[in-house]
Structure formats: structure tokens, C-alpha cells
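J.: Coordinates in query-v8.tsv, TSV, C-alpha atoms, are listed below.
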```tsv
chain	number	residue	atom	x	y	z
V	740	MET	CA	0.00	0.00	0.00
V	741	LYS	CA	1.32	3.40	-0.99
V	742	ALA	CA	1.95	5.93	1.80
V	743	LEU	CA	0.23	9.32	1.54
V	744	SER	CA	2.44	12.37	1.14
V	745	ASN	CA	2.17	15.36	3.44
V	746	ILE	CA	0.42	17.35	0.68
V	747	GLU	CA	-2.18	14.62	0.19
V	748	ILE	CA	-2.78	14.36	3.93
V	749	PHE	CA	-3.15	18.16	4.21
V	750	GLY	CA	-5.52	18.25	1.21
V	751	LEU	CA	-7.67	15.44	2.58
V	752	SER	CA	-7.77	17.06	6.04
V	753	PHE	CA	-8.73	20.41	4.52
V	754	VAL	CA	-11.58	18.87	2.53
V	755	MET	CA	-12.90	17.05	5.61
V	756	VAL	CA	-12.81	20.23	7.72
V	757	VAL	CA	-14.64	22.21	5.02
V	758	VAL	CA	-17.34	19.54	4.72
V	759	LEU	CA	-17.76	19.44	8.50
V	760	VAL	CA	-18.04	23.24	8.75
V	761	LEU	CA	-20.52	23.45	5.86
V	762	TYR	CA	-22.64	20.65	7.29
V	763	THR	CA	-22.69	22.28	10.74
V	764	ASN	CA	-23.66	25.68	9.29
V	765	LEU	CA	-26.34	24.14	7.09
V	766	TYR	CA	-27.80	22.15	9.97
V	767	PHE	CA	-27.81	24.99	12.45
V	768	ASP	CA	-29.05	27.68	10.04
V	769	ALA	CA	-31.46	25.74	7.82
V	770	PHE	CA	-33.14	23.84	10.62
V	771	GLY	CA	-32.95	26.62	13.18
V	772	GLN	CA	-31.33	24.40	15.81
V	773	GLY	CA	-28.56	26.88	16.61
V	774	ASN	CA	-30.86	29.90	16.35
V	775	GLU	CA	-33.69	28.56	18.47
V	776	LYS	CA	-33.98	31.65	20.67
V	777	LYS	CA	-31.67	33.90	18.71
V	778	TYR	CA	-34.51	35.31	16.60
V	779	GLU	CA	-38.04	35.13	17.92
V	780	MET	CA	-40.28	37.93	16.69
V	781	VAL	CA	-43.68	38.18	18.37
V	782	LEU	CA	-46.68	40.12	17.09
V	783	GLU	CA	-47.93	41.74	20.29
V	784	SER	CA	-50.96	43.48	18.76
V	785	GLN	CA	-52.60	44.52	15.52
V	786	ASN	CA	-55.65	46.51	14.56
V	787	TYR	CA	-57.14	47.19	11.11
V	788	THR	CA	-59.18	50.39	10.81
V	789	HIS	CA	-60.77	52.36	8.00
V	790	LYS	CA	-59.73	56.01	7.94
V	791	GLY	CA	-61.95	57.85	5.48
V	792	ILE	CA	-60.97	56.69	2.00
V	793	THR	CA	-57.90	54.80	3.26
V	794	GLY	CA	-57.21	52.14	5.83
V	795	GLU	CA	-54.32	51.10	8.03
V	796	ILE	CA	-53.02	48.27	10.15
V	797	VAL	CA	-51.40	49.45	13.38
V	798	GLY	CA	-49.53	47.15	15.72
V	799	GLU	CA	-46.55	46.33	17.87
V	800	ILE	CA	-43.75	43.76	17.51
V	801	LEU	CA	-41.60	42.32	20.33
V	802	ASN	CA	-38.09	40.95	19.76
V	803	ASN	CA	-38.28	38.00	22.14
V	804	GLY	CA	-34.98	36.57	20.88
V	805	THR	CA	-31.48	37.01	22.25
V	806	ASP	CA	-29.97	38.98	19.34
V	807	THR	CA	-30.61	42.41	17.83
V	808	VAL	CA	-32.55	42.45	14.55
V	809	ARG	CA	-32.11	45.10	11.87
V	810	ALA	CA	-34.04	46.50	8.90
V	811	VAL	CA	-37.33	45.19	10.33
V	812	GLU	CA	-40.24	45.38	7.92
V	813	ILE	CA	-43.89	44.39	8.19
V	814	SER	CA	-45.89	43.37	5.13
V	815	ALA	CA	-49.44	42.25	4.51
V	816	ILE	CA	-50.91	40.16	1.72
V	817	PHE	CA	-54.61	40.84	1.20
V	818	TYR	CA	-57.08	38.17	0.05
V	819	ASN	CA	-60.66	37.65	-0.97
V	820	ASP	CA	-62.51	34.50	-2.09
V	821	SER	CA	-60.81	34.67	-5.51
V	822	GLY	CA	-57.24	34.85	-4.17
V	823	ILE	CA	-54.65	37.57	-3.65
V	824	VAL	CA	-55.95	41.12	-4.01
V	825	GLY	CA	-52.79	43.09	-3.20
V	826	TYR	CA	-49.74	43.70	-1.04
V	827	GLU	CA	-48.52	46.51	1.24
V	828	SER	CA	-45.25	46.86	3.14
V	829	ASP	CA	-43.51	49.34	5.44
V	830	ARG	CA	-40.74	49.59	8.06
V	831	THR	CA	-41.22	49.45	11.81
V	832	ASP	CA	-40.31	52.30	14.15
V	833	PRO	CA	-37.53	51.80	15.11
V	834	THR	CA	-36.15	49.58	12.35
V	835	THR	CA	-33.50	48.08	14.66
V	836	ILE	CA	-34.91	46.19	17.64
V	837	ASP	CA	-32.69	45.01	20.48
V	838	SER	CA	-33.49	41.89	22.46
V	839	ALA	CA	-36.60	42.31	24.69
V	840	GLU	CA	-37.45	45.62	22.98
V	841	ARG	CA	-40.56	46.58	20.97
V	842	ALA	CA	-41.27	48.46	17.77
V	843	VAL	CA	-44.53	49.85	16.45
V	844	PHE	CA	-45.75	49.81	12.88
V	845	VAL	CA	-48.33	51.65	10.84
V	846	LEU	CA	-49.09	49.99	7.53
V	847	PRO	CA	-51.10	52.46	5.42
V	848	ILE	CA	-53.54	50.94	2.92
V	849	ILE	CA	-54.09	53.26	-0.03
V	850	ASP	CA	-54.57	50.83	-2.92
V	851	GLU	CA	-58.19	51.18	-4.08
V	852	VAL	CA	-58.43	47.51	-5.10
V	853	ILE	CA	-57.35	46.36	-1.63
V	854	LEU	CA	-59.72	48.81	0.05
V	855	SER	CA	-62.70	47.72	-2.03
V	856	ASP	CA	-62.09	43.97	-2.53
V	857	ALA	CA	-59.98	42.59	0.33
V	858	GLU	CA	-61.69	40.47	2.98
V	859	ASN	CA	-58.71	39.38	5.11
V	860	TYR	CA	-54.94	39.58	5.33
V	861	GLU	CA	-51.83	37.73	6.46
V	862	LEU	CA	-48.81	39.47	8.01
V	863	THR	CA	-45.10	38.79	7.55
V	864	ILE	CA	-42.26	40.21	9.62
V	865	LYS	CA	-38.91	40.39	7.81
V	866	TRP	CA	-35.54	41.31	9.31
V	867	GLN	CA	-31.78	40.95	8.93
V	868	ASP	CA	-29.13	39.72	11.34
V	869	GLU	CA	-25.74	41.33	11.97
V	870	TYR	CA	-24.39	39.70	8.77
V	871	SER	CA	-27.26	41.06	6.63
V	872	ARG	CA	-28.81	37.60	6.24
V	873	ASP	CA	-32.56	37.74	5.69
V	874	TYR	CA	-35.11	36.10	7.97
V	875	PHE	CA	-38.89	36.16	8.10
V	876	VAL	CA	-41.85	34.78	9.97
V	877	ARG	CA	-45.43	34.55	8.70
V	878	LEU	CA	-48.17	35.40	11.14
V	879	THR	CA	-51.91	35.19	11.27
V	880	GLY	CA	-53.50	38.43	10.13
V	881	GLY	CA	-57.18	39.08	10.47
V	882	ASP	CA	-60.44	39.89	8.80
V	883	ILE	CA	-61.10	43.28	7.31
V	884	PRO	CA	-64.22	44.90	8.75
V	885	ASP	CA	-66.82	46.40	6.41
V	886	ASN	CA	-66.44	50.11	5.72
V	887	SER	CA	-69.52	50.64	7.86
V	888	ASP	CA	-67.71	49.15	10.89
V	889	SER	CA	-65.50	51.35	13.00
V	890	GLY	CA	-62.75	48.72	12.88
V	891	GLY	CA	-62.22	46.22	15.61
V	892	ASP	CA	-59.22	44.91	17.40
V	893	ASP	CA	-57.82	41.92	15.54
V	894	SER	CA	-55.24	41.27	18.24
V	895	ASP	CA	-53.06	38.25	17.72
V	896	SER	CA	-50.33	37.12	20.04
V	897	ASP	CA	-48.97	34.43	17.71
V	898	SER	CA	-45.34	34.08	18.65
V	899	GLY	CA	-44.36	33.32	15.08
V	900	GLY	CA	-40.80	32.46	16.03
V	901	ASP	CA	-41.99	29.06	17.25
V	902	ASP	CA	-43.02	28.06	13.71
V	903	SER	CA	-40.34	25.57	12.68
V	904	ASP	CA	-40.77	26.36	8.98
V	905	SER	CA	-40.45	30.10	9.52
V	906	ASP	CA	-37.31	30.61	11.57
V	907	SER	CA	-35.24	31.58	8.58
V	908	GLY	CA	-36.31	32.41	5.16
V	909	GLY	CA	-33.59	33.64	3.05
V	910	ASP	CA	-29.98	33.75	2.26
V	911	ASP	CA	-28.48	31.45	4.87
V	912	THR	CA	-25.11	30.96	3.28
```
As C-alpha cells - that is how I would like this structure written.
T.:
Amino acid sequence: MKALSNIEIFGLSFVMVVVLVLYTNLYFDAFGQGNEKKYEMVLESQNYTHKGITGEIVGEILNNGTDTVRAVEISAIFYNDSGIVGYESDRTDPTTIDSAERAVFVLPIIDEVILSDAENYELTIKWQDEYSRDYFVRLTGGDIPDNSDSGGDDSDSDSGGDDSDSDSGGDDT
């Protein structure tokens, strides 16, 4: 049997270390095992109201994780019986949320099609970590009251971050 040279041993060791590191990163990032409490965004409250010829969703988000999140954005997809009616998105205030801190959002609804045809909505919170990797969590939204209603409280305390399929949603390289 032929003995391996130092270069071959080094090359083989290097390849094995790279595979181990990539596997560990993939496992921890893709399956959320290493980030279990690192990023847990909680929708504390939400309320859809009509405001004259426009509408808005107002609410509050809690960063219940252990790390700071950046570039936080809230978006809503609006539906009726036929499918998707429209989409609105805006930043939270503040856009950077430290651990155990809150941010408020006001999502103005000005699209006439959404205002006239939408029956309900689903919310998504998006954010970035310190390496600018994207994450998101989908949350339950609510029903849209008729224009004749004054708008009720569609509060939802879905913790979102507990959804195993929603811990990360983007560029986890």
C-alpha cells in the first residue's frame, strides 16, 4: 500500500474540515437548531381600521430573541374569495430592535383595489441579522371589517418564532 504524502494528507484534512463546517452551518441555520432563541419575533398586537378613503393596520412587535434584529419590515398580503388582491409593506419604528425591545408599525392601505375587494390579510415580519442575512416569519393576520364598521381589534399574540418552517427564510449561506 502506498503511503500518503504530506500534501495529500493536508488536502484530505482540509476537505474534511470544510465539509464538516458546511454541514454544521447548514444544519444549524437551515433547521434553526442553533438559532432557536436567537430570533423570535412576536406580534404583540394589531388593529385594522378604516380612515376615510384609506385604511391602516397598526400594531406592535416584540423581539423576544437574544440577538438584535435590523431592517425590520412588516408586510401584509390581502385576500378575498378569488385569491390575492394586493400587497402593502412598510418599516417598523424603530427599524432596529434590540433583544426584549418593541417596535410599532403603521401599515397604510391606499390601494383602491385592496380597500374595495380585500376580505382578510396575512402578516409577515422580515428582518436581517448582523451579517445582513434575511429572515422572516409569517403570522396570522385578520379579517377586514366592512367600511360601515369602526374597525375592531384583531389582536393576535402568535409568537411566530416558534413556527419551525419560519425561523429563517432567506440567504443562509
J.: From the list V:Glu869, V:Asp832, V:Tyr860, V:Ser784, which residue is nearest Asn819 of chain V when using only C-alpha atoms?
T.: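 Of all the options, V:Tyr860 lies closest to Asn819 of chain V.
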J.: Report, in Å to a single decimal, how far apart atom CA of Val781 of chain V and atom CA of Arg841 of chain V are.
T.: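 Pair atom CA of Arg841 of chain V / atom CA of Val781 of chain V returns 9.3 Å.
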J.: For a cut-off of 6 Å around (-33.3, 43.9, 16.1), file coordinates, pick out all residues using all atoms listed in the file and list them as a PyMOL selection string.
T.: chain V and resi 807-809+835-837
J.: Rounded to one decimal place, report the atom CA of Glu851 of chain V-atom CA of Asp882 of chain V distance in Å.
T.: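 Separating atom CA of Glu851 of chain V from atom CA of Asp882 of chain V is a distance of 17.3 Å.
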J.: To one decimal in Å, tell me the separation between atom CA of Gly791 of chain V and atom CA of Arg877 of chain V.
T.: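 Computing it gives 28.7 Å between the two atoms.
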J.: Write out as a PyMOL selection string the residues lying within 6 Å of Ser838 of chain V, counting only C-alpha atoms and excluding same-chain residues fewer than 6 positions away.
T.: chain V and resi 802+804-807
J.: Using the selection just defined, write its residues with C-alpha atoms as a PDB file, in the frame of the given file.
T.:
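Saved the output as part34.pdb:
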```pdb
ATOM      1  CA  ASN V 802     -38.090  40.950  19.760  1.00  0.00           C
ATOM      2  CA  GLY V 804     -34.980  36.570  20.880  1.00  0.00           C
ATOM      3  CA  THR V 805     -31.480  37.010  22.250  1.00  0.00           C
ATOM      4  CA  ASP V 806     -29.970  38.980  19.340  1.00  0.00           C
ATOM      5  CA  THR V 807     -30.610  42.410  17.830  1.00  0.00           C
TER       6      THR V 807
END
```
J.: Could you check the closest approach to Val843 of chain V for each of V:Ile746, V:Ile792, V:Leu878, V:Ile813 and tell me which residue wins, using all atoms listed in the file?
T.: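 Smallest distance to Val843 of chain V is found for V:Ile813.
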J.: Tell me which residues come within 12 Å of (-61.0, 51.6, -0.9), as a list of chain:residue names, counting all atoms listed in the file in the file's coordinates.
T.: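 Those residues, ordered by chain and then number, are V:Thr788, V:His789, V:Lys790, V:Gly791, V:Ile792, V:Thr793, V:Gly794, V:Glu795, V:Pro847, V:Ile848, V:Ile849, V:Asp850, V:Glu851, V:Val852, V:Ile853, V:Leu854, V:Ser855, V:Asp856, V:Ala857, V:Glu858, V:Ile883, V:Asp885, V:Asn886.
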J.: I want to know what sits within 8 Å of Leu846 of chain V, based on only C-alpha atoms, with residues of the same chain fewer than 3 positions away left out; could you give that as a list in words?
T.: Glu795, Ile796, Val797, Ile813, Ser814, Glu827, Ser828 and Asp829 of chain V
